[in-house]
file work_29.cif (mmCIF, C-alpha atoms)
data_work
#
loop_
_atom_site.label_atom_id
_atom_site.label_comp_id
_atom_site.auth_asym_id
_atom_site.auth_seq_id
_atom_site.Cartn_x
_atom_site.Cartn_y
_atom_site.Cartn_z
CA MET C 10 -32.15 77.83 16.10
CA THR C 11 -32.77 80.53 13.53
CA GLY C 12 -30.72 79.01 10.72
CA ARG C 13 -28.53 82.13 10.58
CA ARG C 14 -24.89 81.73 11.45
CA THR C 15 -23.36 84.23 13.82
CA PRO C 16 -20.60 86.37 12.32
CA HIS C 17 -18.10 85.70 15.10
CA LEU C 18 -17.96 81.95 14.59
CA SER C 19 -14.82 80.48 13.05
CA SER C 20 -16.80 78.48 10.48
CA GLN C 21 -18.39 81.62 9.00
CA GLY C 22 -15.95 81.88 6.11
CA ALA C 23 -15.43 78.15 5.58
CA GLU C 24 -17.10 78.13 2.17
CA LEU C 25 -14.64 80.84 1.07
CA ARG C 26 -11.71 78.94 2.60
CA THR C 27 -10.82 81.97 4.71
CA THR C 28 -11.05 80.14 8.04
CA ALA C 29 -10.51 76.67 9.39
CA PRO C 30 -13.54 74.37 9.14
CA PHE C 31 -15.39 73.53 12.34
CA ALA C 32 -14.07 70.29 13.81
CA PRO C 33 -16.23 69.41 16.82
CA ARG C 34 -14.84 67.44 19.71
CA LEU C 35 -16.56 64.92 21.97
CA GLY C 36 -19.23 66.67 24.05
CA ASP C 37 -19.53 69.73 21.79
CA LEU C 38 -22.92 70.95 20.66
CA ALA C 39 -23.25 71.12 16.90
CA ALA C 40 -26.01 72.08 14.50
CA ASP C 41 -26.35 69.79 11.50
CA THR C 42 -27.46 71.59 8.33
CA ALA C 43 -28.23 68.23 6.68
CA ARG C 44 -30.89 67.79 9.39
CA SER C 45 -32.47 71.28 9.11
CA GLY C 46 -30.17 72.69 11.80
CA ARG C 47 -30.96 69.97 14.33
CA VAL C 48 -28.73 70.35 17.38
CA GLY C 49 -26.90 67.41 18.87
CA VAL C 50 -24.13 66.50 21.26
CA VAL C 51 -21.12 64.94 19.54
CA VAL C 52 -20.84 61.43 20.99
CA ALA C 53 -18.26 60.00 18.54
CA VAL C 54 -15.71 61.58 16.23
CA PRO C 55 -14.09 60.11 13.11
CA GLY C 56 -10.92 58.19 13.78
CA GLU C 57 -11.69 57.52 17.44
CA GLY C 58 -12.48 53.88 18.09
CA SER C 59 -14.40 52.47 15.14
CA ALA C 60 -16.13 55.73 14.18
CA THR C 61 -15.78 56.77 10.54
CA THR C 62 -18.26 59.66 10.82
CA TYR C 63 -19.43 62.08 13.47
CA HIS C 64 -22.21 60.70 15.65
CA LEU C 65 -24.60 63.08 17.36
CA ARG C 66 -27.43 62.60 19.85
CA PRO C 67 -30.09 65.13 20.91
CA PRO C 68 -29.06 66.93 24.15
CA GLY C 69 -31.96 65.42 26.10
CA GLY C 70 -31.43 61.94 24.72
CA GLY C 71 -32.98 60.19 21.76
CA SER C 72 -31.92 58.55 18.54
CA ALA C 73 -28.39 59.24 17.35
CA TRP C 74 -27.52 60.18 13.77
CA SER C 75 -24.37 60.45 11.69
CA ALA C 76 -22.78 63.41 9.93
CA PRO C 77 -20.00 63.37 7.30
CA ALA C 78 -16.46 62.79 8.55
CA ASP C 79 -15.30 66.11 7.08
CA GLY C 80 -17.79 67.97 9.31
CA SER C 81 -19.05 69.94 6.31
CA THR C 82 -22.65 69.94 7.56
CA LEU C 83 -21.80 70.76 11.18
CA PHE C 84 -21.64 74.22 12.72
CA PRO C 85 -20.99 75.30 16.31
CA VAL C 86 -23.92 76.26 18.49
CA PRO C 87 -23.27 79.68 20.03
CA ALA C 88 -23.35 80.01 23.80
CA GLN C 89 -26.66 81.26 25.16
CA VAL C 90 -26.98 84.69 26.74
CA THR C 91 -27.67 84.38 30.48
CA HIS C 92 -28.11 88.07 31.32
CA ALA C 93 -27.10 91.62 30.43
CA THR C 94 -25.58 94.32 32.64
CA PHE C 95 -25.19 98.08 32.36
CA PRO C 96 -21.48 99.05 32.33
CA ALA C 97 -20.58 101.81 34.80
CA ASP C 98 -18.11 103.47 32.44
CA ARG C 99 -20.50 104.25 29.55
CA ASP C 100 -23.48 106.60 29.32
CA ALA C 101 -26.77 106.19 27.53
CA VAL C 102 -27.31 108.58 24.61
CA TYR C 103 -30.29 109.99 22.73
CA ASP C 104 -30.20 110.35 18.95
CA SER C 105 -32.67 113.10 18.07
CA ARG C 106 -32.50 112.36 14.34
CA ALA C 107 -33.40 108.71 14.82
CA ARG C 108 -35.66 109.56 17.78
CA GLN C 109 -34.28 106.73 19.87
CA SER C 110 -32.09 106.12 22.88
CA SER C 111 -29.15 103.78 23.04
CA VAL C 112 -28.27 102.22 26.38
CA PRO C 113 -24.95 100.32 26.48
CA VAL C 114 -25.13 96.77 27.79
CA VAL C 115 -22.74 93.90 28.31
CA PHE C 116 -24.15 90.50 27.37
CA HIS C 117 -22.96 87.59 29.53
CA PHE C 118 -22.93 84.12 27.97
CA ALA C 119 -23.29 80.69 29.55
CA ASP C 120 -19.67 79.88 28.66
CA GLY C 121 -18.40 82.85 30.71
CA SER C 122 -17.63 85.13 27.77
CA THR C 123 -19.07 88.62 27.32
CA SER C 124 -19.92 90.92 24.44
CA GLU C 125 -20.80 94.61 24.33
CA GLY C 126 -24.04 95.72 22.73
CA ALA C 127 -26.77 98.30 22.98
CA LEU C 128 -30.39 98.38 24.06
CA VAL C 129 -32.10 100.66 21.54
CA LEU C 130 -35.34 102.22 22.74
CA ALA C 131 -37.99 104.37 21.09
CA PRO C 132 -39.37 107.18 23.31
CA ALA C 133 -42.38 105.14 24.45
CA GLU C 134 -40.12 102.19 25.35
CA LEU C 135 -37.78 104.51 27.26
CA GLU C 136 -40.74 105.92 29.21
CA ARG C 137 -41.86 102.39 30.08
CA LEU C 138 -38.33 101.45 31.20
CA HIS C 139 -38.22 104.60 33.35
CA ALA C 140 -41.57 103.72 34.94
CA GLU C 141 -40.52 100.12 35.59
CA THR C 142 -37.16 101.02 37.13
CA GLY C 143 -38.86 103.74 39.20
CA ARG C 144 -41.33 101.14 40.47
CA LEU C 145 -38.47 98.80 41.37
CA LEU C 146 -36.60 101.53 43.23
CA VAL C 147 -39.68 102.54 45.23
CA GLY C 148 -40.86 98.97 45.84
CA PRO C 149 -38.21 97.91 48.38
CA GLU C 150 -38.68 101.15 50.36
CA LYS C 151 -42.41 100.52 50.69
CA ALA C 152 -41.88 96.89 51.59
CA THR C 153 -39.28 97.49 54.31
CA GLY C 154 -40.10 101.07 55.35
CA ASP C 155 -36.43 102.06 54.87
CA ARG C 156 -35.52 105.48 53.47
CA ALA C 157 -32.24 105.77 51.63
#
call {"tool": "encode", "arguments": {"input": "work_29.cif", "output": "structure tokens"}}
result
Amino acid sequence: MTGRRTPHLSSQGAELRTTAPFAPRLGDLAADTARSGRVGVVVAVPGEGSATTYHLRPPGGGSAWSAPADGSTLFPVPAQVTHATFPADRDAVYDSRARQSSVPVVFHFADGSTSEGALVLAPAELERLHAETGRLLVGPEKATGDRA
């Protein structure tokens, strides 16, 4: 974890009281700022059973720890990107002033959500991408002998 909070998370404005504080539920992943951003699975929540604080355990197992009942040190862990795709309805563009290309992409997350973004490439990176995709397009033809 980088320690930076992502701007789309509901807890982002919590210190300004502009959004609701993060209140994790059982099974949620949470980063604990009191533990240098250590990530844990919430295994007990305040008010459930005999729990008076949040209890977290590392995702792979290990020693549990507690976090304050108000959740003030806990922040959601964003879903991980699984892959990116190139949308059919948008074109890549070249910015001659910045001397870079921008290729639209859609990021797909492990939780099923998506987000639009851009792959920004300098000329040398664009040439490398062109060479790599060209190699991939020619590769199957050589391997199977098919001609499209």
call {"tool": "residues_around", "arguments": {"input": "work_29.cif", "residues": "segment 44-49 of chain C", "least_positions_apart": "4", "cutoff": "10 Å", "atoms": "only C-alpha atoms", "output": "PDB file with C-alpha atoms, in the coordinates of the input"}}
result
ATOM      1  CA  MET C  10     -32.150  77.830  16.100  1.00  0.00           C
ATOM      2  CA  THR C  11     -32.770  80.530  13.530  1.00  0.00           C
ATOM      3  CA  GLY C  12     -30.720  79.010  10.720  1.00  0.00           C
ATOM      4  CA  ARG C  13     -28.530  82.130  10.580  1.00  0.00           C
ATOM      5  CA  GLY C  36     -19.230  66.670  24.050  1.00  0.00           C
ATOM      6  CA  ASP C  37     -19.530  69.730  21.790  1.00  0.00           C
ATOM      7  CA  LEU C  38     -22.920  70.950  20.660  1.00  0.00           C
ATOM      8  CA  ALA C  39     -23.250  71.120  16.900  1.00  0.00           C
ATOM      9  CA  ALA C  40     -26.010  72.080  14.500  1.00  0.00           C
ATOM     10  CA  HIS C  64     -22.210  60.700  15.650  1.00  0.00           C
ATOM     11  CA  LEU C  65     -24.600  63.080  17.360  1.00  0.00           C
ATOM     12  CA  ARG C  66     -27.430  62.600  19.850  1.00  0.00           C
ATOM     13  CA  PRO C  67     -30.090  65.130  20.910  1.00  0.00           C
ATOM     14  CA  PRO C  68     -29.060  66.930  24.150  1.00  0.00           C
ATOM     15  CA  GLY C  69     -31.960  65.420  26.100  1.00  0.00           C
ATOM     16  CA  GLY C  70     -31.430  61.940  24.720  1.00  0.00           C
ATOM     17  CA  GLY C  71     -32.980  60.190  21.760  1.00  0.00           C
ATOM     18  CA  ALA C  73     -28.390  59.240  17.350  1.00  0.00           C
ATOM     19  CA  TRP C  74     -27.520  60.180  13.770  1.00  0.00           C
ATOM     20  CA  ALA C  76     -22.780  63.410   9.930  1.00  0.00           C
ATOM     21  CA  THR C  82     -22.650  69.940   7.560  1.00  0.00           C
ATOM     22  CA  LEU C  83     -21.800  70.760  11.180  1.00  0.00           C
ATOM     23  CA  PHE C  84     -21.640  74.220  12.720  1.00  0.00           C
ATOM     24  CA  PRO C  85     -20.990  75.300  16.310  1.00  0.00           C
ATOM     25  CA  VAL C  86     -23.920  76.260  18.490  1.00  0.00           C
TER      26      VAL C  86
END
call {"tool": "atom_distance", "arguments": {"input": "work_29.cif", "atom1": "atom CA of Gly80 of chain C", "atom2": "atom CA of Gly58 of chain C"}}
result
17.4 Å
call {"tool": "resolve_selection", "arguments": {"input": "work_29.cif", "expression": "the PyMOL selection byres ((chain C and resi 121) around 10)", "output": "list in words"}}
result
Ala88, Val90, Thr91, His117, Phe118, Ala119, Asp120, Ser122 and Thr123 of chain C
call {"tool": "resolve_selection", "arguments": {"input": "work_29.cif", "expression": "the PyMOL selection byres ((chain C and resi 115) around 7)", "output": "PyMOL selection string"}}
result
chain C and resi 93-96+114+116-117+123-126
call {"tool": "closest_residue", "arguments": {"input": "work_29.cif", "among": "C:Pro132, C:Pro33, C:Gly148, C:Gly56", "to": "Tyr103 of chain C", "atoms": "only C-alpha atoms"}}
result
C:Pro132
call {"tool": "atom_distance", "arguments": {"input": "work_29.cif", "atom1": "atom CA of Ala60 of chain C", "atom2": "atom CA of Ala32 of chain C"}}
result
14.7 Å
call {"tool": "atom_distance", "arguments": {"input": "work_29.cif", "atom1": "atom CA of Pro113 of chain C", "atom2": "atom CA of Ala140 of chain C"}}
result
19.0 Å
call {"tool": "decode", "arguments": {"input": "work_29.cif", "residues": "segment 18-157 of chain C", "atoms": "C-alpha atoms", "output": "PDB file, in the first residue's frame"}}
result
ATOM      1  CA  LEU C  18     -13.198   6.616  -1.598  1.00  0.00           C
ATOM      2  CA  SER C  19     -15.991   7.760   0.700  1.00  0.00           C
ATOM      3  CA  SER C  20     -13.620   8.311   3.619  1.00  0.00           C
ATOM      4  CA  GLN C  21     -11.545  10.864   1.692  1.00  0.00           C
ATOM      5  CA  GLY C  22     -13.249  13.885   3.218  1.00  0.00           C
ATOM      6  CA  ALA C  23     -13.865  12.394   6.658  1.00  0.00           C
ATOM      7  CA  GLU C  24     -11.478  14.766   8.410  1.00  0.00           C
ATOM      8  CA  LEU C  25     -13.452  17.683   6.918  1.00  0.00           C
ATOM      9  CA  ARG C  26     -16.760  16.059   7.893  1.00  0.00           C
ATOM     10  CA  THR C  27     -17.911  16.196   4.275  1.00  0.00           C
ATOM     11  CA  THR C  28     -18.555  12.462   3.976  1.00  0.00           C
ATOM     12  CA  ALA C  29     -19.602   9.602   6.182  1.00  0.00           C
ATOM     13  CA  PRO C  30     -16.735   7.871   8.021  1.00  0.00           C
ATOM     14  CA  PHE C  31     -15.709   4.415   6.852  1.00  0.00           C
ATOM     15  CA  ALA C  32     -17.530   1.755   8.862  1.00  0.00           C
ATOM     16  CA  PRO C  33     -16.158  -1.630   7.800  1.00  0.00           C
ATOM     17  CA  ARG C  34     -18.283  -4.743   7.978  1.00  0.00           C
ATOM     18  CA  LEU C  35     -17.273  -8.318   8.732  1.00  0.00           C
ATOM     19  CA  GLY C  36     -15.039  -9.643   5.947  1.00  0.00           C
ATOM     20  CA  ASP C  37     -14.052  -6.214   4.592  1.00  0.00           C
ATOM     21  CA  LEU C  38     -10.423  -5.390   3.939  1.00  0.00           C
ATOM     22  CA  ALA C  39      -9.250  -2.320   5.817  1.00  0.00           C
ATOM     23  CA  ALA C  40      -5.965  -0.479   6.117  1.00  0.00           C
ATOM     24  CA  ASP C  41      -5.094   0.628   9.645  1.00  0.00           C
ATOM     25  CA  THR C  42      -3.195   3.924   9.779  1.00  0.00           C
ATOM     26  CA  ALA C  43      -2.287   3.253  13.427  1.00  0.00           C
ATOM     27  CA  ARG C  44      -0.333   0.239  12.131  1.00  0.00           C
ATOM     28  CA  SER C  45       1.485   2.006   9.249  1.00  0.00           C
ATOM     29  CA  GLY C  46      -1.270   1.120   6.777  1.00  0.00           C
ATOM     30  CA  ARG C  47      -1.239  -2.585   7.619  1.00  0.00           C
ATOM     31  CA  VAL C  48      -4.076  -4.348   5.803  1.00  0.00           C
ATOM     32  CA  GLY C  49      -6.371  -6.754   7.588  1.00  0.00           C
ATOM     33  CA  VAL C  50      -9.657  -8.569   7.247  1.00  0.00           C
ATOM     34  CA  VAL C  51     -12.292  -7.357   9.701  1.00  0.00           C
ATOM     35  CA  VAL C  52     -13.113 -10.375  11.872  1.00  0.00           C
ATOM     36  CA  ALA C  53     -15.154  -8.602  14.586  1.00  0.00           C
ATOM     37  CA  VAL C  54     -17.016  -5.306  14.704  1.00  0.00           C
ATOM     38  CA  PRO C  55     -17.983  -3.235  17.750  1.00  0.00           C
ATOM     39  CA  GLY C  56     -21.340  -4.118  19.221  1.00  0.00           C
ATOM     40  CA  GLU C  57     -21.454  -7.612  17.738  1.00  0.00           C
ATOM     41  CA  GLY C  58     -21.059 -10.293  20.373  1.00  0.00           C
ATOM     42  CA  SER C  59     -18.610  -9.110  23.013  1.00  0.00           C
ATOM     43  CA  ALA C  60     -16.510  -6.936  20.679  1.00  0.00           C
ATOM     44  CA  THR C  61     -15.970  -3.352  21.815  1.00  0.00           C
ATOM     45  CA  THR C  62     -13.443  -2.548  19.073  1.00  0.00           C
ATOM     46  CA  TYR C  63     -12.749  -3.634  15.520  1.00  0.00           C
ATOM     47  CA  HIS C  64     -10.620  -6.767  15.289  1.00  0.00           C
ATOM     48  CA  LEU C  65      -8.538  -7.377  12.192  1.00  0.00           C
ATOM     49  CA  ARG C  66      -6.378 -10.280  11.038  1.00  0.00           C
ATOM     50  CA  PRO C  67      -3.870 -10.352   8.153  1.00  0.00           C
ATOM     51  CA  PRO C  68      -5.494 -11.761   4.963  1.00  0.00           C
ATOM     52  CA  GLY C  69      -3.203 -14.808   4.945  1.00  0.00           C
ATOM     53  CA  GLY C  70      -3.626 -15.467   8.654  1.00  0.00           C
ATOM     54  CA  GLY C  71      -1.563 -14.376  11.609  1.00  0.00           C
ATOM     55  CA  SER C  72      -1.968 -12.427  14.808  1.00  0.00           C
ATOM     56  CA  ALA C  73      -5.088 -10.303  15.136  1.00  0.00           C
ATOM     57  CA  TRP C  74      -5.066  -6.707  16.352  1.00  0.00           C
ATOM     58  CA  SER C  75      -7.642  -4.176  17.489  1.00  0.00           C
ATOM     59  CA  ALA C  76      -8.613  -0.791  16.090  1.00  0.00           C
ATOM     60  CA  PRO C  77     -10.723   1.931  17.756  1.00  0.00           C
ATOM     61  CA  ALA C  78     -14.481   1.389  17.820  1.00  0.00           C
ATOM     62  CA  ASP C  79     -15.076   4.643  15.923  1.00  0.00           C
ATOM     63  CA  GLY C  80     -13.046   3.308  12.973  1.00  0.00           C
ATOM     64  CA  SER C  81     -11.020   6.527  12.866  1.00  0.00           C
ATOM     65  CA  THR C  82      -7.798   4.714  11.921  1.00  0.00           C
ATOM     66  CA  LEU C  83      -9.393   2.418   9.336  1.00  0.00           C
ATOM     67  CA  PHE C  84      -9.674   3.100   5.618  1.00  0.00           C
ATOM     68  CA  PRO C  85     -11.054   0.930   2.805  1.00  0.00           C
ATOM     69  CA  VAL C  86      -8.635  -0.957   0.606  1.00  0.00           C
ATOM     70  CA  PRO C  87      -9.403  -0.190  -3.043  1.00  0.00           C
ATOM     71  CA  ALA C  88     -10.149  -3.082  -5.370  1.00  0.00           C
ATOM     72  CA  GLN C  89      -7.162  -4.240  -7.398  1.00  0.00           C
ATOM     73  CA  VAL C  90      -6.997  -3.713 -11.153  1.00  0.00           C
ATOM     74  CA  THR C  91      -7.185  -7.057 -12.974  1.00  0.00           C
ATOM     75  CA  HIS C  92      -6.718  -5.823 -16.545  1.00  0.00           C
ATOM     76  CA  ALA C  93      -7.283  -2.949 -18.957  1.00  0.00           C
ATOM     77  CA  THR C  94      -9.087  -2.922 -22.305  1.00  0.00           C
ATOM     78  CA  PHE C  95      -9.171  -0.565 -25.272  1.00  0.00           C
ATOM     79  CA  PRO C  96     -12.708   0.810 -25.800  1.00  0.00           C
ATOM     80  CA  ALA C  97     -13.970   0.516 -29.379  1.00  0.00           C
ATOM     81  CA  ASP C  98     -15.738   3.880 -29.310  1.00  0.00           C
ATOM     82  CA  ARG C  99     -12.713   6.106 -28.560  1.00  0.00           C
ATOM     83  CA  ASP C 100      -9.623   6.912 -30.616  1.00  0.00           C
ATOM     84  CA  ALA C 101      -6.041   7.407 -29.538  1.00  0.00           C
ATOM     85  CA  VAL C 102      -4.716  10.955 -29.987  1.00  0.00           C
ATOM     86  CA  TYR C 103      -1.306  12.582 -30.358  1.00  0.00           C
ATOM     87  CA  ASP C 104      -0.512  15.853 -28.596  1.00  0.00           C
ATOM     88  CA  SER C 105       2.257  17.511 -30.606  1.00  0.00           C
ATOM     89  CA  ARG C 106       2.886  20.167 -27.946  1.00  0.00           C
ATOM     90  CA  ALA C 107       3.421  17.585 -25.218  1.00  0.00           C
ATOM     91  CA  ARG C 108       5.009  15.152 -27.699  1.00  0.00           C
ATOM     92  CA  GLN C 109       3.020  12.233 -26.370  1.00  0.00           C
ATOM     93  CA  SER C 110       0.176   9.953 -27.335  1.00  0.00           C
ATOM     94  CA  SER C 111      -2.870   9.199 -25.252  1.00  0.00           C
ATOM     95  CA  VAL C 112      -4.567   5.840 -25.708  1.00  0.00           C
ATOM     96  CA  PRO C 113      -7.938   5.468 -23.930  1.00  0.00           C
ATOM     97  CA  VAL C 114      -8.277   2.434 -21.689  1.00  0.00           C
ATOM     98  CA  VAL C 115     -10.902   0.973 -19.394  1.00  0.00           C
ATOM     99  CA  PHE C 116      -9.529  -0.432 -16.143  1.00  0.00           C
ATOM    100  CA  HIS C 117     -11.352  -3.501 -14.801  1.00  0.00           C
ATOM    101  CA  PHE C 118     -11.243  -4.124 -11.045  1.00  0.00           C
ATOM    102  CA  ALA C 119     -11.468  -7.352  -9.062  1.00  0.00           C
ATOM    103  CA  ASP C 120     -14.834  -6.262  -7.639  1.00  0.00           C
ATOM    104  CA  GLY C 121     -16.350  -6.024 -11.146  1.00  0.00           C
ATOM    105  CA  SER C 122     -16.287  -2.232 -11.396  1.00  0.00           C
ATOM    106  CA  THR C 123     -14.571  -0.282 -14.180  1.00  0.00           C
ATOM    107  CA  SER C 124     -12.954   3.112 -14.597  1.00  0.00           C
ATOM    108  CA  GLU C 125     -11.840   5.011 -17.681  1.00  0.00           C
ATOM    109  CA  GLY C 126      -8.267   6.198 -17.979  1.00  0.00           C
ATOM    110  CA  ALA C 127      -5.502   6.791 -20.471  1.00  0.00           C
ATOM    111  CA  LEU C 128      -2.230   5.157 -21.390  1.00  0.00           C
ATOM    112  CA  VAL C 129       0.143   8.056 -22.048  1.00  0.00           C
ATOM    113  CA  LEU C 130       3.117   7.214 -24.240  1.00  0.00           C
ATOM    114  CA  ALA C 131       6.200   9.135 -25.334  1.00  0.00           C
ATOM    115  CA  PRO C 132       7.219   8.567 -28.992  1.00  0.00           C
ATOM    116  CA  ALA C 133       9.769   5.863 -28.117  1.00  0.00           C
ATOM    117  CA  GLU C 134       7.184   4.032 -25.980  1.00  0.00           C
ATOM    118  CA  LEU C 135       4.621   4.271 -28.785  1.00  0.00           C
ATOM    119  CA  GLU C 136       7.145   2.802 -31.241  1.00  0.00           C
ATOM    120  CA  ARG C 137       7.819  -0.070 -28.839  1.00  0.00           C
ATOM    121  CA  LEU C 138       4.080  -0.706 -28.415  1.00  0.00           C
ATOM    122  CA  HIS C 139       3.684  -0.701 -32.203  1.00  0.00           C
ATOM    123  CA  ALA C 140       6.531  -3.214 -32.577  1.00  0.00           C
ATOM    124  CA  GLU C 141       5.133  -5.467 -29.840  1.00  0.00           C
ATOM    125  CA  THR C 142       1.575  -5.476 -31.188  1.00  0.00           C
ATOM    126  CA  GLY C 143       2.933  -6.047 -34.711  1.00  0.00           C
ATOM    127  CA  ARG C 144       4.887  -9.040 -33.412  1.00  0.00           C
ATOM    128  CA  LEU C 145       1.759 -10.408 -31.734  1.00  0.00           C
ATOM    129  CA  LEU C 146      -0.308 -10.007 -34.890  1.00  0.00           C
ATOM    130  CA  VAL C 147       2.296 -11.755 -37.054  1.00  0.00           C
ATOM    131  CA  GLY C 148       3.087 -14.453 -34.483  1.00  0.00           C
ATOM    132  CA  PRO C 149      -0.124 -16.500 -34.789  1.00  0.00           C
ATOM    133  CA  GLU C 150       0.087 -16.436 -38.598  1.00  0.00           C
ATOM    134  CA  LYS C 151       3.596 -17.876 -38.531  1.00  0.00           C
ATOM    135  CA  ALA C 152       2.650 -20.466 -35.941  1.00  0.00           C
ATOM    136  CA  THR C 153      -0.450 -21.759 -37.734  1.00  0.00           C
ATOM    137  CA  GLY C 154       0.336 -20.828 -41.349  1.00  0.00           C
ATOM    138  CA  ASP C 155      -3.066 -19.084 -41.655  1.00  0.00           C
ATOM    139  CA  ARG C 156      -3.424 -15.893 -43.682  1.00  0.00           C
ATOM    140  CA  ALA C 157      -6.179 -13.517 -42.692  1.00  0.00           C
TER     141      ALA C 157
END
